[in-house]
Amino acid sequence: MLKEKLQQVREEAAEELRRAETSEDIEALRILFLGKKGRITSLLSEMGKLPPEERPVIGQAANEVRNFVEAMIKEKKSEIGRRELELRLKKEKLDITLPGKPVMIGRQHPLHLVLDEIEDAFISMGFTIENGPEVEFDKYNFEKLNIPADHPARDTQDTFYFTPDILLRTQTSSVQVRVMEKQAPPIRILSPGRVFRIDEIDATHSPVFHQIEGLVIDEGITMSHLKGALETMAKKLFGENVKTRIRPDYFPFTEPSAEICVSCFRCGGEGCRFCKGEGWIEIGGAGMVNPKVLEGCGIDSVKYSGFAFGMGLERLVMLRYKIDDIRMFFENDIRFLNNF
Ligand SMILES: [Zn+2]
């Protein structure tokens with residue numbers, strides 16, 4: 001009787017295990033057949049009722065069935081394990097040929113882009129870059145540049161004052177004075193930076209903008225040195241074919257003073273709407289440093305002479321990239337900035 005029951009358990013186990021599909025199924029079957037309260041264990045507990053001479057035979061048969069079920073479970077487990085692993089690998093497969101997600105890369109602001117080029121041009125001519133404070137004393141921004149308190153030039157530079165003596169610099173010329181005061185000639189500097197003037201914001205005006213000023217002081221410096229330096233820079237910025245022209249102008253801190261023009265890079269100098277038919281575009285002012293300014297900074301104006309020039313960075317960049325609204329520079333619109 002018991003022997004038949006064992007045989008039946010063996011067949012059931014075999015059948016169930018064949019149909020098992022997951023590790024969970026196998027584990028449930030293991031508990032069902034081999035567990036402490038499992039089918040085989042409970043059959044073995046019935047062995048006590050058997051006559052002693054039958055026990056070894058049944059015991060052997062029971063062991064044989066248990067070994068059989070154990071072996072089958074082991075085999076089935078590894079088979080299912082393999083299949084489940086394959087399935088998982090398939091699901092987790094990484095397609096390395098898929099295009100990656102684009103990474104946002106920062107860009108240089110167009111003002112910086114052009115400033116770097118200008119700095120390079122002047123560094124290659126032996127200039128160093130000098131910076132100074134944006135909150136400045138009146139004497140460095142005006143007085144020592146030959147612009148006393150009653151000078152009409154002050155009217156053209158509407159100034160943000162903190163106190164009668166302290167202001168937001170209206171020009172980077174203040175850096176030139178600071179350098180001349182502490183450094184003996186020869187001097188060859190470029191001072192780029194932010195300047196501030198009270199102004200309504202529109203397409204061509206902003207109360208904050210950038211200037212680039214240059215200063216050279218040495219023995220025997222003349223207007224031709226100035227022209228040479230400006231030509232080198234203009235060619236670097238606008239190409240080899242650009243021509244540079246200087247024409248008389250007036251600034252308190254230079255004598256004589258000149259307006260700097262470059263030949264129109266749209267029409268090549270023939271005259272177009274862009275240059276208003278003149279063939280030339282003004283990019284800044286320049287001149288020989290006024291001896292009064294040199295003396296005021298403790299430099300011997302008989303022994304030394306020098307030239308200075310100044311340009312608005314925004315204007316240069318607007319000309320270069322044909323940008324028609326200065327506000328674009330300050331709005332941080334990524335669609336605009338991505339063009340450079
Ligand atoms: Zn033109």
# chains A, B, ... in the order shown; residues from 1 in each chain; ligands from 1
>>> residues_around(residues="His210 of chain A", least_positions_apart="5", cutoff="10 Å", atoms="only C-alpha atoms", output="ChimeraX atom specification")
/A:111,115,170-172,192-196,311-315
>>> select_by_dssp(residues="segment 197-303 of chain A", states="strand (DSSP E)", output="JSON, numbers by chain")
{"A": [208, 209, 210, 211, 212, 213, 214, 215, 216, 217, 218, 244, 245, 246, 247, 248, 249, 250, 251, 254, 255, 256, 257, 258, 259, 260, 261, 262, 263, 280, 281, 282, 283, 284, 285, 286, 287, 288, 289]}
>>> write_last_selection(atoms="N, CA, C and O atoms", output="short mmCIF file (atom, residue, chain, number, x, y, z; two decimals), in the first residue's frame")
data_model
loop_
_atom_site.label_atom_id
_atom_site.label_comp_id
_atom_site.auth_asym_id
_atom_site.auth_seq_id
_atom_site.Cartn_x
_atom_site.Cartn_y
_atom_site.Cartn_z
N VAL A 208 24.63 101.01 -18.84
CA VAL A 208 25.86 100.25 -18.61
C VAL A 208 26.38 99.78 -19.96
O VAL A 208 25.63 99.23 -20.76
N PHE A 209 27.63 100.02 -20.22
CA PHE A 209 28.23 99.46 -21.43
C PHE A 209 29.72 99.26 -21.18
O PHE A 209 30.21 99.51 -20.09
N HIS A 210 30.42 98.78 -22.20
CA HIS A 210 31.84 98.46 -22.01
C HIS A 210 32.72 99.34 -22.89
O HIS A 210 32.38 99.60 -24.05
N GLN A 211 33.82 99.77 -22.30
CA GLN A 211 34.80 100.52 -23.08
C GLN A 211 36.10 99.74 -23.12
O GLN A 211 36.40 98.95 -22.22
N ILE A 212 36.85 99.99 -24.17
CA ILE A 212 38.22 99.45 -24.23
C ILE A 212 39.11 100.64 -24.48
O ILE A 212 38.94 101.35 -25.48
N GLU A 213 40.00 100.88 -23.58
CA GLU A 213 40.91 102.00 -23.79
C GLU A 213 42.34 101.50 -23.81
O GLU A 213 42.69 100.54 -23.15
N GLY A 214 43.15 102.19 -24.58
CA GLY A 214 44.56 101.84 -24.65
C GLY A 214 45.41 103.06 -24.34
O GLY A 214 44.99 104.19 -24.58
N LEU A 215 46.59 102.84 -23.80
CA LEU A 215 47.49 103.94 -23.48
C LEU A 215 48.92 103.47 -23.70
O LEU A 215 49.31 102.39 -23.26
N VAL A 216 49.69 104.32 -24.43
CA VAL A 216 51.11 104.03 -24.63
C VAL A 216 51.89 105.29 -24.28
O VAL A 216 51.56 106.37 -24.78
N ILE A 217 52.85 105.18 -23.40
CA ILE A 217 53.70 106.33 -23.08
C ILE A 217 55.16 105.88 -23.11
O ILE A 217 55.53 104.87 -22.51
N ASP A 218 55.94 106.61 -23.88
CA ASP A 218 57.37 106.30 -23.98
C ASP A 218 58.05 107.52 -24.60
O ASP A 218 57.39 108.49 -24.96
N THR A 244 41.98 102.08 -42.11
CA THR A 244 41.74 102.88 -40.91
C THR A 244 41.97 104.36 -41.25
O THR A 244 42.90 104.70 -41.97
N ARG A 245 41.11 105.21 -40.71
CA ARG A 245 41.27 106.64 -40.98
C ARG A 245 41.14 107.39 -39.66
O ARG A 245 40.26 107.08 -38.84
N ILE A 246 41.99 108.37 -39.41
CA ILE A 246 41.77 109.24 -38.24
C ILE A 246 41.57 110.67 -38.72
O ILE A 246 42.19 111.12 -39.67
N ARG A 247 40.63 111.33 -38.05
CA ARG A 247 40.23 112.70 -38.43
C ARG A 247 40.18 113.55 -37.19
O ARG A 247 39.84 113.03 -36.13
N PRO A 248 40.48 114.86 -37.30
CA PRO A 248 40.49 115.71 -36.10
C PRO A 248 39.19 115.65 -35.32
O PRO A 248 38.10 115.57 -35.88
N ASP A 249 39.32 115.65 -34.00
CA ASP A 249 38.16 115.64 -33.11
C ASP A 249 38.58 116.39 -31.86
O ASP A 249 39.67 116.98 -31.83
N TYR A 250 37.75 116.39 -30.83
CA TYR A 250 38.18 117.04 -29.60
C TYR A 250 37.88 116.18 -28.38
O TYR A 250 36.77 115.68 -28.21
N PHE A 251 38.90 115.94 -27.55
CA PHE A 251 38.72 115.35 -26.21
C PHE A 251 39.63 116.11 -25.26
O PHE A 251 40.74 116.49 -25.65
N THR A 254 43.28 114.51 -24.63
CA THR A 254 44.26 114.30 -25.70
C THR A 254 44.40 115.59 -26.50
O THR A 254 43.47 116.37 -26.63
N GLU A 255 45.61 115.79 -27.06
CA GLU A 255 45.87 116.98 -27.88
C GLU A 255 47.03 116.69 -28.81
O GLU A 255 48.14 116.53 -28.34
N PRO A 256 46.87 116.60 -30.12
CA PRO A 256 45.58 116.67 -30.80
C PRO A 256 44.74 115.40 -30.59
O PRO A 256 45.26 114.38 -30.19
N SER A 257 43.45 115.57 -30.91
CA SER A 257 42.52 114.44 -30.76
C SER A 257 42.01 114.01 -32.12
O SER A 257 42.00 114.80 -33.07
N ALA A 258 41.57 112.77 -32.19
CA ALA A 258 41.11 112.26 -33.48
C ALA A 258 39.95 111.30 -33.30
O ALA A 258 39.78 110.69 -32.26
N GLU A 259 39.15 111.23 -34.36
CA GLU A 259 38.08 110.25 -34.40
C GLU A 259 38.61 109.07 -35.23
O GLU A 259 39.29 109.28 -36.22
N ILE A 260 38.34 107.83 -34.75
CA ILE A 260 38.84 106.66 -35.48
C ILE A 260 37.73 106.08 -36.35
O ILE A 260 36.64 105.81 -35.87
N CYS A 261 38.03 105.92 -37.64
CA CYS A 261 37.07 105.28 -38.54
C CYS A 261 37.72 104.10 -39.23
O CYS A 261 38.94 104.09 -39.44
N VAL A 262 36.90 103.11 -39.56
CA VAL A 262 37.39 102.03 -40.42
C VAL A 262 36.54 102.03 -41.69
O VAL A 262 35.39 102.46 -41.67
N SER A 263 37.14 101.55 -42.79
CA SER A 263 36.38 101.52 -44.04
C SER A 263 35.21 100.56 -43.87
O SER A 263 35.31 99.54 -43.18
N TRP A 280 32.74 105.04 -44.57
CA TRP A 280 33.52 104.91 -43.33
C TRP A 280 32.60 104.73 -42.13
O TRP A 280 31.49 105.24 -42.11
N ILE A 281 33.07 104.01 -41.13
CA ILE A 281 32.30 103.80 -39.91
C ILE A 281 33.15 104.19 -38.71
O ILE A 281 34.30 103.73 -38.57
N GLU A 282 32.59 105.05 -37.87
CA GLU A 282 33.35 105.50 -36.70
C GLU A 282 33.35 104.41 -35.63
O GLU A 282 32.31 103.83 -35.32
N ILE A 283 34.52 104.10 -35.07
CA ILE A 283 34.56 103.09 -34.02
C ILE A 283 35.11 103.61 -32.68
O ILE A 283 35.07 102.90 -31.68
N GLY A 284 35.61 104.86 -32.66
CA GLY A 284 36.10 105.36 -31.38
C GLY A 284 36.86 106.66 -31.51
O GLY A 284 36.87 107.29 -32.57
N GLY A 285 37.48 107.06 -30.41
CA GLY A 285 38.25 108.29 -30.38
C GLY A 285 39.67 108.02 -29.91
O GLY A 285 39.95 107.01 -29.26
N ALA A 286 40.58 108.96 -30.25
CA ALA A 286 41.98 108.73 -29.88
C ALA A 286 42.72 110.07 -29.86
O ALA A 286 42.13 111.12 -30.11
N GLY A 287 43.99 110.04 -29.61
CA GLY A 287 44.80 111.25 -29.68
C GLY A 287 46.09 111.10 -28.92
O GLY A 287 46.37 110.05 -28.34
N MET A 288 46.90 112.19 -28.97
CA MET A 288 48.14 112.21 -28.20
C MET A 288 47.78 112.69 -26.79
O MET A 288 47.06 113.68 -26.62
N VAL A 289 48.31 112.00 -25.77
CA VAL A 289 47.95 112.34 -24.39
C VAL A 289 48.32 113.79 -24.11
O VAL A 289 49.45 114.22 -24.38
#
>>> residues_near_ligand(ligand="ligand 1", cutoff="6 Å", atoms="only C-alpha atoms and all ligand atoms", output="ChimeraX atom specification")
/A:264,266-267,269,271-272,274-275,279
>>> write_last_selection(atoms="C-alpha atoms", output="PDB file, in the first residue's frame")
ATOM      1  CA  CYS A 264      32.854 100.118 -44.316  1.00  0.00           C
ATOM      2  CA  ARG A 266      29.803  95.969 -46.186  1.00  0.00           C
ATOM      3  CA  CYS A 267      30.540  98.113 -49.239  1.00  0.00           C
ATOM      4  CA  GLY A 269      34.302 102.025 -48.811  1.00  0.00           C
ATOM      5  CA  GLY A 271      29.158 103.985 -49.698  1.00  0.00           C
ATOM      6  CA  CYS A 272      26.017 102.052 -48.745  1.00  0.00           C
ATOM      7  CA  PHE A 274      24.958 100.731 -43.624  1.00  0.00           C
ATOM      8  CA  CYS A 275      27.646 103.450 -43.600  1.00  0.00           C
ATOM      9  CA  GLY A 279      32.166 104.540 -46.878  1.00  0.00           C
TER      10      GLY A 279
END
>>> closest_residue(among="A:Ser224, A:Ser174, A:Asn63, A:Asn241", to="Thr41 of chain A", atoms="only C-alpha atoms")
A:Asn63
>>> closest_residue(among="A:Glu240, A:Ser206, A:Pro291, A:Ser45", to="Gly268 of chain A", atoms="only C-alpha atoms")
A:Glu240
>>> atom_distance(atom1="atom CA of Ile334 of chain A", atom2="atom CA of Met104 of chain A")
11.0 Å
>>> residues_around(residues="Glu64 of chain A", least_positions_apart="5", cutoff="12 Å", atoms="only C-alpha atoms", output="PyMOL selection string")
chain A and resi 3+6-7+9-10+40+57-59+69-71
>>> write_last_selection(atoms="C-alpha atoms", output="PDB file, in the first residue's frame")
ATOM      1  CA  LYS A   3       4.766   1.520  -1.733  1.00  0.00           C
ATOM      2  CA  LEU A   6       5.118   6.473  -2.820  1.00  0.00           C
ATOM      3  CA  GLN A   7       5.008   5.591  -6.491  1.00  0.00           C
ATOM      4  CA  VAL A   9       3.807  10.754  -5.137  1.00  0.00           C
ATOM      5  CA  ARG A  10       6.790  10.238  -7.408  1.00  0.00           C
ATOM      6  CA  ILE A  40       6.981  12.349   1.389  1.00  0.00           C
ATOM      7  CA  VAL A  57      12.263  -1.987   2.037  1.00  0.00           C
ATOM      8  CA  ILE A  58       9.793   0.880   2.275  1.00  0.00           C
ATOM      9  CA  GLY A  59      12.454   3.108   3.797  1.00  0.00           C
ATOM     10  CA  VAL A  69      12.334  14.536  -6.423  1.00  0.00           C
ATOM     11  CA  GLU A  70      15.370  16.395  -5.062  1.00  0.00           C
ATOM     12  CA  ALA A  71      17.367  15.736  -8.204  1.00  0.00           C
TER      13      ALA A  71
END
>>> closest_residue(among="A:Leu190, A:Ile31, A:Tyr161, A:Gly310", to="Asp116 of chain A", atoms="only C-alpha atoms")
A:Leu190
>>> closest_residue(among="A:Lys292, A:Lys139, A:His112, A:Lys227", to="Phe329 of chain A", atoms="only C-alpha atoms")
A:His112
>>> residues_around(residues="Ile198 of chain A", least_positions_apart="6", cutoff="6 Å", atoms="only C-alpha atoms", output="PyMOL selection string")
chain A and resi 158-159+207
